[in-house]
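Structure file start-v8.cif; described as mmCIF, C-alpha atoms and all ligand atoms.
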```cif
data_work
loop_
_atom_site.group_PDB
_atom_site.id
_atom_site.type_symbol
_atom_site.label_atom_id
_atom_site.label_comp_id
_atom_site.auth_asym_id
_atom_site.auth_seq_id
_atom_site.Cartn_x
_atom_site.Cartn_y
_atom_site.Cartn_z
ATOM 1 C CA MET A 954 -1.751 8.604 -1.570
ATOM 2 C CA MET A 955 -4.307 6.461 -3.399
ATOM 3 C CA LYS A 956 -3.768 5.752 -7.051
ATOM 4 C CA PHE A 957 -6.884 6.593 -9.073
ATOM 5 C CA ASN A 958 -7.986 5.625 -12.571
ATOM 6 C CA LYS A 959 -7.684 8.364 -15.153
ATOM 7 C CA LEU A 960 -11.099 9.908 -15.842
ATOM 8 C CA THR A 961 -12.546 11.345 -19.026
ATOM 9 C CA GLN A 962 -14.037 14.834 -19.021
ATOM 10 C CA ALA A 963 -17.559 13.430 -18.920
ATOM 11 C CA GLU A 964 -16.618 11.207 -15.972
ATOM 12 C CA GLU A 965 -15.012 14.125 -14.104
ATOM 13 C CA ALA A 966 -18.116 16.260 -14.615
ATOM 14 C CA VAL A 967 -20.084 13.755 -12.525
ATOM 15 C CA ILE A 968 -17.520 12.109 -10.250
ATOM 16 C CA ILE A 969 -15.552 15.223 -9.233
ATOM 17 C CA ASP A 970 -17.876 18.125 -10.048
ATOM 18 C CA LYS A 971 -20.974 16.264 -8.778
ATOM 19 C CA GLY A 972 -22.944 16.616 -11.989
ATOM 20 C CA THR A 973 -25.755 14.292 -13.090
ATOM 21 C CA GLU A 974 -25.805 12.265 -16.276
ATOM 22 C CA ARG A 975 -28.912 12.689 -18.405
ATOM 23 C CA PRO A 976 -31.631 10.161 -17.436
ATOM 24 C CA TYR A 977 -32.034 7.072 -19.653
ATOM 25 C CA THR A 978 -28.559 7.530 -21.137
ATOM 26 C CA GLY A 979 -26.327 5.551 -18.757
ATOM 27 C CA GLN A 980 -24.850 2.278 -19.914
ATOM 28 C CA TYR A 981 -25.936 0.273 -16.847
ATOM 29 C CA LEU A 982 -29.572 1.403 -16.639
ATOM 30 C CA ASN A 983 -30.903 -1.860 -18.061
ATOM 31 C CA ASN A 984 -27.954 -4.105 -17.265
ATOM 32 C CA GLU A 985 -29.315 -7.315 -15.722
ATOM 33 C CA GLN A 986 -26.113 -9.327 -15.747
ATOM 34 C CA GLU A 987 -24.841 -10.859 -12.541
ATOM 35 C CA GLY A 988 -21.823 -9.124 -11.060
ATOM 36 C CA THR A 989 -20.482 -6.240 -9.003
ATOM 37 C CA TYR A 990 -20.509 -2.489 -9.640
ATOM 38 C CA VAL A 991 -17.244 -0.880 -8.579
ATOM 39 C CA CYS A 992 -16.163 2.765 -8.294
ATOM 40 C CA LYS A 993 -15.041 4.161 -11.656
ATOM 41 C CA ARG A 994 -12.262 6.112 -9.980
ATOM 42 C CA CYS A 995 -10.817 3.725 -7.372
ATOM 43 C CA ASP A 996 -12.314 0.277 -8.224
ATOM 44 C CA ALA A 997 -13.788 -0.174 -4.723
ATOM 45 C CA PRO A 998 -16.780 -2.607 -4.874
ATOM 46 C CA LEU A 999 -19.979 -0.598 -4.219
ATOM 47 C CA TYR A 1000 -23.087 -2.505 -5.320
ATOM 48 C CA LYS A 1001 -24.134 -6.083 -6.115
ATOM 49 C CA SER A 1002 -26.351 -6.864 -9.099
ATOM 50 C CA ASN A 1003 -28.758 -8.649 -6.709
ATOM 51 C CA ASP A 1004 -29.597 -5.293 -5.106
ATOM 52 C CA LYS A 1005 -30.339 -3.568 -8.426
ATOM 53 C CA PHE A 1006 -33.986 -2.898 -9.249
ATOM 54 C CA ASP A 1007 -35.996 -1.030 -11.858
ATOM 55 C CA ALA A 1008 -37.289 2.240 -10.438
ATOM 56 C CA SER A 1009 -38.196 3.632 -13.886
ATOM 57 C CA CYS A 1010 -36.363 6.825 -12.981
ATOM 58 C CA GLY A 1011 -33.742 6.773 -15.722
ATOM 59 C CA TRP A 1012 -30.756 5.887 -13.552
ATOM 60 C CA PRO A 1013 -29.519 2.564 -12.135
ATOM 61 C CA SER A 1014 -31.183 1.987 -8.773
ATOM 62 C CA PHE A 1015 -30.033 -0.174 -5.865
ATOM 63 C CA ASP A 1016 -31.815 -0.800 -2.590
ATOM 64 C CA ASP A 1017 -28.631 -1.635 -0.717
ATOM 65 C CA GLU A 1018 -24.884 -1.050 -0.892
ATOM 66 C CA ILE A 1019 -21.975 -3.333 -0.131
ATOM 67 C CA GLU A 1020 -21.513 -2.806 3.592
ATOM 68 C CA GLY A 1021 -19.339 0.174 4.414
ATOM 69 C CA SER A 1022 -18.669 1.120 0.788
ATOM 70 C CA VAL A 1023 -20.987 4.105 0.359
ATOM 71 C CA LYS A 1024 -21.023 7.234 2.506
ATOM 72 C CA ARG A 1025 -24.075 9.458 2.920
ATOM 73 C CA VAL A 1026 -23.587 13.219 3.229
ATOM 74 C CA VAL A 1027 -25.970 16.177 3.140
ATOM 75 C CA ASP A 1028 -26.114 17.461 -0.425
ATOM 76 C CA ALA A 1029 -25.018 21.007 -1.208
ATOM 77 C CA ASP A 1030 -28.717 21.781 -1.708
ATOM 78 C CA GLY A 1031 -29.217 21.127 2.033
ATOM 79 C CA ARG A 1032 -32.172 18.898 1.255
ATOM 80 C CA ARG A 1033 -31.154 15.683 -0.477
ATOM 81 C CA THR A 1034 -28.668 13.067 0.730
ATOM 82 C CA GLU A 1035 -25.662 12.720 -1.527
ATOM 83 C CA ILE A 1036 -23.871 9.373 -1.790
ATOM 84 C CA ILE A 1037 -20.129 9.131 -2.327
ATOM 85 C CA CYS A 1038 -17.576 6.334 -2.552
ATOM 86 C CA ASN A 1039 -16.392 5.746 0.992
ATOM 87 C CA ASN A 1040 -12.905 4.981 -0.267
ATOM 88 C CA CYS A 1041 -12.181 7.895 -2.599
ATOM 89 C CA GLY A 1042 -15.058 10.349 -2.215
ATOM 90 C CA ALA A 1043 -16.254 9.985 -5.831
ATOM 91 C CA HIS A 1044 -19.758 11.385 -6.334
ATOM 92 C CA LEU A 1045 -22.194 8.544 -7.076
ATOM 93 C CA GLY A 1046 -25.650 10.127 -6.891
ATOM 94 C CA HIS A 1047 -28.288 10.432 -4.169
ATOM 95 C CA VAL A 1048 -30.145 8.130 -1.821
ATOM 96 C CA PHE A 1049 -33.888 8.379 -1.231
ATOM 97 C CA LEU A 1050 -35.839 6.679 1.568
ATOM 98 C CA GLY A 1051 -39.493 5.804 2.073
ATOM 99 C CA GLU A 1052 -40.555 5.487 -1.571
ATOM 100 C CA GLN A 1053 -41.822 1.892 -1.131
ATOM 101 C CA PHE A 1054 -40.103 0.537 -4.228
ATOM 102 C CA THR A 1055 -38.728 -2.524 -2.408
ATOM 103 C CA ASN A 1056 -38.837 -4.023 1.079
ATOM 104 C CA LYS A 1057 -35.688 -2.140 2.016
ATOM 105 C CA ASN A 1058 -37.476 1.114 1.164
ATOM 106 C CA THR A 1059 -34.230 2.640 -0.038
ATOM 107 C CA ARG A 1060 -33.184 3.826 -3.479
ATOM 108 C CA HIS A 1061 -29.587 4.555 -4.302
ATOM 109 C CA CYS A 1062 -29.986 6.557 -7.500
ATOM 110 C CA VAL A 1063 -26.567 6.204 -9.095
ATOM 111 C CA ASN A 1064 -25.002 7.655 -12.220
ATOM 112 C CA SER A 1065 -23.858 4.837 -14.522
ATOM 113 C CA ILE A 1066 -20.799 6.871 -15.365
ATOM 114 C CA SER A 1067 -19.633 6.728 -11.721
ATOM 115 C CA LEU A 1068 -19.597 2.929 -11.920
ATOM 116 C CA LYS A 1069 -17.769 0.125 -13.664
ATOM 117 C CA PHE A 1070 -19.464 -3.259 -13.948
ATOM 118 C CA VAL A 1071 -17.504 -6.441 -13.305
ATOM 119 C CA PRO A 1072 -19.471 -9.516 -14.460
ATOM 120 C CA VAL A 1073 -19.312 -12.788 -12.550
ATOM 121 C CA GLU A 1074 -16.801 -15.080 -14.186
ATOM 122 C CA ASN A 1075 -18.423 -18.364 -14.957
ATOM 123 C CA ASP A 1076 -15.790 -20.819 -16.128
ATOM 124 C CA SER A 1077 -18.280 -23.669 -16.276
ATOM 125 C CA LEU A 1078 -20.128 -22.233 -19.287
ATOM 126 C CA GLU A 1079 -19.394 -23.298 -22.895
ATOM 127 C CA LYS A 1080 -19.941 -21.587 -26.246
ATOM 128 C CA VAL A 1081 -21.005 -23.068 -29.579
ATOM 129 C CA TYR A 1082 -21.724 -21.593 -33.008
ATOM 130 C CA PHE A 1083 -24.185 -22.535 -35.717
ATOM 131 C CA SER A 1084 -25.680 -21.035 -38.849
ATOM 132 C CA SER A 1085 -29.052 -22.185 -40.187
ATOM 133 C CA GLY A 1086 -30.499 -19.382 -42.277
ATOM 134 C CA CYS A 1087 -31.919 -16.096 -41.071
ATOM 135 C CA PHE A 1088 -30.312 -15.685 -37.641
ATOM 136 C CA TRP A 1089 -33.482 -14.269 -36.118
ATOM 137 C CA GLY A 1090 -35.146 -17.643 -36.570
ATOM 138 C CA THR A 1091 -32.115 -19.647 -35.505
ATOM 139 C CA GLU A 1092 -31.815 -17.696 -32.276
ATOM 140 C CA TYR A 1093 -35.532 -17.988 -31.508
ATOM 141 C CA TYR A 1094 -35.264 -21.710 -30.716
ATOM 142 C CA PHE A 1095 -31.873 -21.747 -29.056
ATOM 143 C CA MET A 1096 -32.664 -18.951 -26.607
ATOM 144 C CA LYS A 1097 -35.644 -20.953 -25.329
ATOM 145 C CA ALA A 1098 -33.716 -24.167 -24.658
ATOM 146 C CA PRO A 1099 -33.184 -25.028 -20.984
ATOM 147 C CA GLY A 1100 -29.510 -24.692 -20.040
ATOM 148 C CA VAL A 1101 -28.877 -21.996 -22.642
ATOM 149 C CA VAL A 1102 -27.706 -18.983 -20.668
ATOM 150 C CA GLU A 1103 -27.271 -16.453 -23.444
ATOM 151 C CA THR A 1104 -27.497 -16.183 -27.238
ATOM 152 C CA SER A 1105 -26.223 -13.579 -29.689
ATOM 153 C CA VAL A 1106 -26.620 -13.316 -33.437
ATOM 154 C CA GLY A 1107 -23.740 -12.338 -35.687
ATOM 155 C CA TYR A 1108 -21.553 -13.278 -38.594
ATOM 156 C CA MET A 1109 -18.985 -16.065 -38.980
ATOM 157 C CA GLY A 1110 -17.029 -17.868 -41.641
ATOM 158 C CA GLY A 1111 -16.150 -14.974 -43.937
ATOM 159 C CA HIS A 1112 -13.155 -12.798 -44.633
ATOM 160 C CA LYS A 1113 -14.569 -9.306 -43.984
ATOM 161 C CA GLU A 1114 -13.599 -7.744 -40.629
ATOM 162 C CA ASN A 1115 -16.316 -5.873 -38.702
ATOM 163 C CA PRO A 1116 -19.003 -6.860 -41.209
ATOM 164 C CA THR A 1117 -22.303 -4.985 -41.241
ATOM 165 C CA TYR A 1118 -25.687 -6.534 -42.002
ATOM 166 C CA GLU A 1119 -25.898 -4.621 -45.285
ATOM 167 C CA GLU A 1120 -22.553 -6.051 -46.375
ATOM 168 C CA VAL A 1121 -23.474 -9.603 -45.400
ATOM 169 C CA ILE A 1122 -26.845 -9.630 -47.194
ATOM 170 C CA ARG A 1123 -25.098 -8.614 -50.418
ATOM 171 C CA GLY A 1124 -23.650 -12.136 -50.158
ATOM 172 C CA ASN A 1125 -19.997 -11.522 -50.976
ATOM 173 C CA THR A 1126 -18.363 -11.303 -47.525
ATOM 174 C CA GLY A 1127 -18.194 -15.071 -47.133
ATOM 175 C CA HIS A 1128 -20.016 -14.695 -43.802
ATOM 176 C CA PHE A 1129 -22.988 -16.724 -42.670
ATOM 177 C CA GLU A 1130 -25.741 -15.347 -40.465
ATOM 178 C CA SER A 1131 -24.735 -17.209 -37.313
ATOM 179 C CA ILE A 1132 -25.462 -17.537 -33.643
ATOM 180 C CA GLU A 1133 -23.364 -17.850 -30.535
ATOM 181 C CA VAL A 1134 -24.928 -20.024 -27.860
ATOM 182 C CA VAL A 1135 -23.610 -19.865 -24.292
ATOM 183 C CA TYR A 1136 -24.776 -22.890 -22.343
ATOM 184 C CA ASP A 1137 -24.352 -24.706 -19.074
ATOM 185 C CA PRO A 1138 -23.077 -28.223 -19.902
ATOM 186 C CA SER A 1139 -24.419 -29.558 -16.602
ATOM 187 C CA VAL A 1140 -27.945 -28.852 -17.920
ATOM 188 C CA ILE A 1141 -27.699 -29.317 -21.705
ATOM 189 C CA THR A 1142 -25.027 -31.102 -23.739
ATOM 190 C CA TYR A 1143 -23.358 -30.190 -27.003
ATOM 191 C CA GLY A 1144 -25.131 -33.181 -28.570
ATOM 192 C CA ASP A 1145 -28.510 -31.828 -27.403
ATOM 193 C CA LEU A 1146 -27.704 -28.525 -29.123
ATOM 194 C CA VAL A 1147 -26.643 -30.245 -32.355
ATOM 195 C CA ARG A 1148 -29.943 -32.158 -32.365
ATOM 196 C CA LEU A 1149 -31.885 -28.939 -31.725
ATOM 197 C CA PHE A 1150 -29.982 -27.302 -34.595
ATOM 198 C CA TYR A 1151 -30.998 -30.057 -37.005
ATOM 199 C CA GLU A 1152 -34.580 -30.133 -35.752
ATOM 200 C CA THR A 1153 -35.233 -26.410 -36.247
ATOM 201 C CA HIS A 1154 -34.318 -25.887 -39.910
ATOM 202 C CA ASP A 1155 -34.273 -27.614 -43.297
ATOM 203 C CA PHE A 1156 -30.712 -28.941 -43.399
ATOM 204 C CA THR A 1157 -31.265 -30.457 -46.860
ATOM 205 C CA GLN A 1158 -31.765 -27.103 -48.584
ATOM 206 C CA LEU A 1159 -28.812 -26.184 -50.802
ATOM 207 C CA ASN A 1160 -29.412 -22.561 -51.786
ATOM 208 C CA GLY A 1161 -30.441 -20.919 -48.506
ATOM 209 C CA GLN A 1162 -33.041 -21.488 -45.825
ATOM 210 C CA GLY A 1163 -36.756 -21.412 -46.471
ATOM 211 C CA PRO A 1164 -37.600 -18.288 -48.445
ATOM 212 C CA ASP A 1165 -34.199 -16.745 -47.705
ATOM 213 C CA ILE A 1166 -31.954 -17.519 -50.644
ATOM 214 C CA GLY A 1167 -28.247 -16.731 -50.725
ATOM 215 C CA PRO A 1168 -24.865 -17.975 -49.550
ATOM 216 C CA GLN A 1169 -25.179 -16.159 -46.184
ATOM 217 C CA TYR A 1170 -28.124 -18.420 -45.264
ATOM 218 C CA LEU A 1171 -26.392 -21.802 -45.599
ATOM 219 C CA SER A 1172 -26.325 -24.379 -42.822
ATOM 220 C CA ASN A 1173 -23.098 -24.825 -40.839
ATOM 221 C CA ILE A 1174 -21.925 -26.395 -37.615
ATOM 222 C CA PHE A 1175 -18.842 -24.468 -36.484
ATOM 223 C CA TYR A 1176 -16.812 -26.704 -34.180
ATOM 224 C CA LYS A 1177 -14.120 -25.440 -31.834
ATOM 225 C CA ASP A 1178 -12.330 -28.727 -31.105
ATOM 226 C CA GLU A 1179 -12.132 -32.365 -32.185
ATOM 227 C CA GLU A 1180 -14.630 -33.441 -29.548
ATOM 228 C CA GLN A 1181 -17.325 -31.111 -30.910
ATOM 229 C CA LYS A 1182 -16.477 -32.172 -34.448
ATOM 230 C CA ALA A 1183 -16.922 -35.853 -33.544
ATOM 231 C CA ILE A 1184 -20.309 -35.201 -31.914
ATOM 232 C CA ALA A 1185 -21.482 -33.110 -34.897
ATOM 233 C CA GLU A 1186 -20.447 -35.924 -37.248
ATOM 234 C CA LYS A 1187 -22.186 -38.523 -35.119
ATOM 235 C CA TYR A 1188 -25.599 -36.839 -35.453
ATOM 236 C CA THR A 1189 -25.010 -36.002 -39.108
ATOM 237 C CA ASN A 1190 -24.300 -39.678 -39.791
ATOM 238 C CA ILE A 1191 -27.535 -40.648 -38.041
ATOM 239 C CA LEU A 1192 -29.392 -38.361 -40.493
ATOM 240 C CA LEU A 1193 -27.531 -39.823 -43.477
ATOM 241 C CA ASP A 1194 -28.466 -43.297 -42.257
ATOM 242 C CA LYS A 1195 -32.101 -42.178 -42.128
ATOM 243 C CA GLY A 1196 -31.805 -41.231 -45.808
ATOM 244 C CA TYR A 1197 -31.588 -37.443 -45.561
ATOM 245 C CA GLN A 1198 -29.406 -35.532 -48.045
ATOM 246 C CA VAL A 1199 -27.580 -33.370 -45.496
ATOM 247 C CA ALA A 1200 -26.392 -30.026 -46.903
ATOM 248 C CA THR A 1201 -24.923 -28.870 -43.593
ATOM 249 C CA MET A 1202 -21.175 -28.259 -43.536
ATOM 250 C CA ILE A 1203 -19.113 -29.095 -40.453
ATOM 251 C CA VAL A 1204 -16.288 -26.563 -40.361
ATOM 252 C CA PRO A 1205 -13.896 -25.051 -37.793
ATOM 253 C CA ALA A 1206 -15.195 -21.990 -35.934
ATOM 254 C CA THR A 1207 -13.590 -18.674 -36.854
ATOM 255 C CA LYS A 1208 -14.024 -15.248 -35.304
ATOM 256 C CA PHE A 1209 -17.631 -14.414 -34.418
ATOM 257 C CA TRP A 1210 -18.643 -10.851 -35.253
ATOM 258 C CA LYS A 1211 -21.659 -9.824 -33.171
ATOM 259 C CA ALA A 1212 -24.447 -8.267 -35.243
ATOM 260 C CA GLU A 1213 -26.085 -4.891 -34.742
ATOM 261 C CA ASP A 1214 -28.238 -4.534 -31.602
ATOM 262 C CA TYR A 1215 -31.568 -4.432 -33.454
ATOM 263 C CA HIS A 1216 -31.020 -8.013 -34.677
ATOM 264 C CA GLN A 1217 -30.535 -9.435 -31.172
ATOM 265 C CA GLN A 1218 -33.437 -11.496 -29.741
ATOM 266 C CA TYR A 1219 -35.453 -10.170 -32.673
ATOM 267 C CA TYR A 1220 -38.613 -12.256 -32.347
ATOM 268 C CA GLU A 1221 -38.608 -11.967 -28.573
ATOM 269 C CA GLN A 1222 -38.479 -8.168 -28.881
ATOM 270 C CA LYS A 1223 -41.207 -8.097 -31.523
ATOM 271 C CA GLY A 1224 -43.359 -10.689 -29.746
ATOM 272 C CA THR A 1225 -43.778 -12.683 -32.969
ATOM 273 C CA THR A 1226 -42.602 -16.078 -34.231
ATOM 274 C CA PRO A 1227 -40.275 -17.025 -37.116
ATOM 275 C CA TYR A 1228 -41.519 -17.491 -40.685
ATOM 276 C CA CYS A 1229 -38.312 -19.269 -41.673
ATOM 277 C CA HIS A 1230 -37.781 -21.927 -39.013
ATOM 278 C CA VAL A 1231 -40.067 -24.548 -37.486
ATOM 279 C CA TYR A 1232 -39.388 -27.285 -34.995
ATOM 280 C CA THR A 1233 -39.651 -30.828 -36.372
ATOM 281 C CA LYS A 1234 -38.823 -33.837 -34.194
ATOM 282 C CA ILE A 1235 -36.304 -36.108 -35.918
ATOM 283 C CA PHE A 1236 -34.075 -37.785 -33.338
HETATM 284 ZN ZN ZN A 1301 -13.949 5.304 -5.200
#
```
Could you render the structure as structure tokens?
Ligand SMILES: [Zn+2]
Amino acid sequence: MMKFNKLTQAEEAVIIDKGTERPYTGQYLNNEQEGTYVCKRCDAPLYKSNDKFDASCGWPSFDDEIEGSVKRVVDADGRRTEIICNNCGAHLGHVFLGEQFTNKNTRHCVNSISLKFVPVENDSLEKVYFSSGCFWGTEYYFMKAPGVVETSVGYMGGHKENPTYEEVIRGNTGHFESIEVVYDPSVITYGDLVRLFYETHDFTQLNGQGPDIGPQYLSNIFYKDEEQKAIAEKYTNILLDKGYQVATMIVPATKFWKAEDYHQQYYEQKGTTPYCHVYTKIF
């Protein structure tokens, strides 16, 4: 007897009762992360992210399955081909052939709710945190740097748990508009990122950043260990030696609270450029 994961009602409606989730509602429709999609009910690996493609149909689409993991059966409608987990029989969706979407000419049209995504673990990546004013502008430069794998904007340094944007802009949560930068240290170093931080905002401003005035817009380097702290201090001292009045604080990182979705990759989504941050070569 196989041991299955407990399913919610919504999951059962698709996985057991062979229902279909509403198009454009599934959580994996636009997921582009690298990893493996496994069966929600039995955890058997079913699809690789490399085989996922955009069919603009409203459901995650794959042009291949992990060998032997997906079984094709004639649908109850006698017309379509249903696909089920070969291990546990969970309903996944349907497979369509000959649509010319990809070279494999196959589309597994799969309900997100039948799947669970397991991202590739990448132990070689590092994370760093900065604040330098409006986080839209801060993120704009970091996300473009080679070796930066992922960026997120959020809040750090304050006392309020689960802060919202509205709370932070009132300026009394103690939080700074901050960014998390995930990078590959074999491509870009922590020192490179510290230099980029200093070169993309006015680190001498005391009351905010550019036109954005308030305590949530102050400049901080949040270090996670003594090594990062030493590197941050090294570049700060170079600026002091050059005669700059550095307002940036170098403080220990605390919990990073990710901001609301509409703030993420803001300028990239809007196709515009920041008003609050410019790149200036210093080092
Ligand atoms: Zn299964």
Query raised in the report: What does the PyMOL selection byres (((chain A and resi 999-1010) around 8) and not hetatm) select in this file, as a PyMOL selection string?
Result: chain A and resi 976-977+985-992+997-998+1011-1019+1022-1023+1038+1054
Query raised in the report: Can you list what the PyMOL selection byres (((chain A and resi 1109-1126) around 7) and not hetatm) grabs from this structure, as a PyMOL selection string?
Result: chain A and resi 1107-1108+1127-1131+1167-1169+1207-1210
**Report entry** Explicit residues for the PyMOL selection byres (((chain A and resi 1083) around 7) and not hetatm) (as a list in words)
**Finding:**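 Answer for the PyMOL selection byres (((chain A and resi 1083) around 7) and not hetatm): Val1081, Tyr1082, Ser1084, Ser1085, Ser1131, Ile1132, Asn1173, Ile1174 and Phe1175 of chain A.
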How would the residues just chosen look if you wrote them out with C-alpha atoms as a tab-separated table (two decimals), in the frame of the given file?
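Output file again29.tsv is given in full below:
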```tsv
chain	number	residue	atom	x	y	z
A	1081	VAL	CA	-21.00	-23.07	-29.58
A	1082	TYR	CA	-21.72	-21.59	-33.01
A	1084	SER	CA	-25.68	-21.04	-38.85
A	1085	SER	CA	-29.05	-22.18	-40.19
A	1131	SER	CA	-24.74	-17.21	-37.31
A	1132	ILE	CA	-25.46	-17.54	-33.64
A	1173	ASN	CA	-23.10	-24.82	-40.84
A	1174	ILE	CA	-21.92	-26.40	-37.62
A	1175	PHE	CA	-18.84	-24.47	-36.48
```
**Report entry** Nearby residues (only C-alpha atoms) at most 7 Å from stretch 1217-1221 of chain A, same-chain spacing under 2 positions excluded, as a ChimeraX atom specification
**Finding:** /A:1089,1092-1093,1105-1106,1214-1215,1223-1227
Which residues, protein or nucleic acid, reach to within 12 Å of (-38.0, -20.3, -39.6) in the file's coordinates when using all atoms listed in the file, and can you give that as an mmCIF file with C-alpha atoms, keeping the file's coordinate frame?
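For reference, point.cif as written:
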```cif
data_model
loop_
_atom_site.group_PDB
_atom_site.id
_atom_site.type_symbol
_atom_site.label_atom_id
_atom_site.label_comp_id
_atom_site.auth_asym_id
_atom_site.auth_seq_id
_atom_site.Cartn_x
_atom_site.Cartn_y
_atom_site.Cartn_z
ATOM 1 C CA SER A 1085 -29.052 -22.185 -40.187
ATOM 2 C CA GLY A 1086 -30.499 -19.382 -42.277
ATOM 3 C CA CYS A 1087 -31.919 -16.096 -41.071
ATOM 4 C CA PHE A 1088 -30.312 -15.685 -37.641
ATOM 5 C CA TRP A 1089 -33.482 -14.269 -36.118
ATOM 6 C CA GLY A 1090 -35.146 -17.643 -36.570
ATOM 7 C CA THR A 1091 -32.115 -19.647 -35.505
ATOM 8 C CA GLU A 1092 -31.815 -17.696 -32.276
ATOM 9 C CA TYR A 1093 -35.532 -17.988 -31.508
ATOM 10 C CA TYR A 1094 -35.264 -21.710 -30.716
ATOM 11 C CA PHE A 1150 -29.982 -27.302 -34.595
ATOM 12 C CA GLU A 1152 -34.580 -30.133 -35.752
ATOM 13 C CA THR A 1153 -35.233 -26.410 -36.247
ATOM 14 C CA HIS A 1154 -34.318 -25.887 -39.910
ATOM 15 C CA ASP A 1155 -34.273 -27.614 -43.297
ATOM 16 C CA PHE A 1156 -30.712 -28.941 -43.399
ATOM 17 C CA GLY A 1161 -30.441 -20.919 -48.506
ATOM 18 C CA GLN A 1162 -33.041 -21.488 -45.825
ATOM 19 C CA GLY A 1163 -36.756 -21.412 -46.471
ATOM 20 C CA PRO A 1164 -37.600 -18.288 -48.445
ATOM 21 C CA ASP A 1165 -34.199 -16.745 -47.705
ATOM 22 C CA TYR A 1170 -28.124 -18.420 -45.264
ATOM 23 C CA TYR A 1220 -38.613 -12.256 -32.347
ATOM 24 C CA THR A 1225 -43.778 -12.683 -32.969
ATOM 25 C CA THR A 1226 -42.602 -16.078 -34.231
ATOM 26 C CA PRO A 1227 -40.275 -17.025 -37.116
ATOM 27 C CA TYR A 1228 -41.519 -17.491 -40.685
ATOM 28 C CA CYS A 1229 -38.312 -19.269 -41.673
ATOM 29 C CA HIS A 1230 -37.781 -21.927 -39.013
ATOM 30 C CA VAL A 1231 -40.067 -24.548 -37.486
ATOM 31 C CA TYR A 1232 -39.388 -27.285 -34.995
ATOM 32 C CA THR A 1233 -39.651 -30.828 -36.372
#
```
Given 12 Å and all atoms listed in the file, residues near ligand ZN 1301 (chain A) as an mmCIF file with C-alpha atoms, in the frame of the given file:
```
data_model
loop_
_atom_site.group_PDB
_atom_site.id
_atom_site.type_symbol
_atom_site.label_atom_id
_atom_site.label_comp_id
_atom_site.auth_asym_id
_atom_site.auth_seq_id
_atom_site.Cartn_x
_atom_site.Cartn_y
_atom_site.Cartn_z
ATOM 1 C CA MET A 955 -4.307 6.461 -3.399
ATOM 2 C CA LYS A 956 -3.768 5.752 -7.051
ATOM 3 C CA PHE A 957 -6.884 6.593 -9.073
ATOM 4 C CA ASN A 958 -7.986 5.625 -12.571
ATOM 5 C CA LEU A 960 -11.099 9.908 -15.842
ATOM 6 C CA ILE A 968 -17.520 12.109 -10.250
ATOM 7 C CA ILE A 969 -15.552 15.223 -9.233
ATOM 8 C CA TYR A 990 -20.509 -2.489 -9.640
ATOM 9 C CA VAL A 991 -17.244 -0.880 -8.579
ATOM 10 C CA CYS A 992 -16.163 2.765 -8.294
ATOM 11 C CA LYS A 993 -15.041 4.161 -11.656
ATOM 12 C CA ARG A 994 -12.262 6.112 -9.980
ATOM 13 C CA CYS A 995 -10.817 3.725 -7.372
ATOM 14 C CA ASP A 996 -12.314 0.277 -8.224
ATOM 15 C CA ALA A 997 -13.788 -0.174 -4.723
ATOM 16 C CA PRO A 998 -16.780 -2.607 -4.874
ATOM 17 C CA LEU A 999 -19.979 -0.598 -4.219
ATOM 18 C CA SER A 1022 -18.669 1.120 0.788
ATOM 19 C CA VAL A 1023 -20.987 4.105 0.359
ATOM 20 C CA LYS A 1024 -21.023 7.234 2.506
ATOM 21 C CA ILE A 1036 -23.871 9.373 -1.790
ATOM 22 C CA ILE A 1037 -20.129 9.131 -2.327
ATOM 23 C CA CYS A 1038 -17.576 6.334 -2.552
ATOM 24 C CA ASN A 1039 -16.392 5.746 0.992
ATOM 25 C CA ASN A 1040 -12.905 4.981 -0.267
ATOM 26 C CA CYS A 1041 -12.181 7.895 -2.599
ATOM 27 C CA GLY A 1042 -15.058 10.349 -2.215
ATOM 28 C CA ALA A 1043 -16.254 9.985 -5.831
ATOM 29 C CA HIS A 1044 -19.758 11.385 -6.334
ATOM 30 C CA LEU A 1045 -22.194 8.544 -7.076
ATOM 31 C CA SER A 1067 -19.633 6.728 -11.721
ATOM 32 C CA LEU A 1068 -19.597 2.929 -11.920
ATOM 33 C CA LYS A 1069 -17.769 0.125 -13.664
#
```
Query raised in the report: At most 12 Å from (-21.9, -28.6, -35.4), file frame, only C-alpha atoms: which residues, as an MDAnalysis selection string?
Result: chainID A and resid 1080:1085 1131:1134 1143:1151 1156 1172:1189 1201:1206
Query - Pick from A:Val1073, A:Val967, A:Ala1029, A:Leu1159, whichever lies nearest to A:Gln1198 using all atoms listed in the file - result: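 Distance minimum relative to A:Gln1198 lands on A:Leu1159.
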Query raised in the report: Any idea what the distance is between atom CA of A:Asn1064 and atom CA of A:His1047?
Result: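 Straight-line distance from atom CA of A:Asn1064 to atom CA of A:His1047 works out to 9.1 Å.
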Extending 5 Å beyond the listed atoms of stretch 1166-1185 of chain A on each side, what axis-aligned box results? I want centre and edge lengths in Å to one decimal, as AutoDock Vina command-line options.
```
--center_x -22.0 --center_y -26.0 --center_z -40.1 --size_x 29.8 --size_y 29.7 --size_z 31.2
```
Report task. To one decimal in Å, tell me the separation between atom CA of A:Asn1160 and atom CA of A:Ile1235. Result ->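 Atom CA of A:Ile1235 lies 22.0 Å from atom CA of A:Asn1160.
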Requested in this report: Determine the nearest neighbour of A:Phe1049 from the options A:Thr1034, A:Thr1104, A:Thr978, A:Gln1222, counting all atoms listed in the file.
Outcome: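 Among A:Thr1034, A:Thr1104, A:Thr978, A:Gln1222, it is A:Thr1034 that comes nearest to A:Phe1049.
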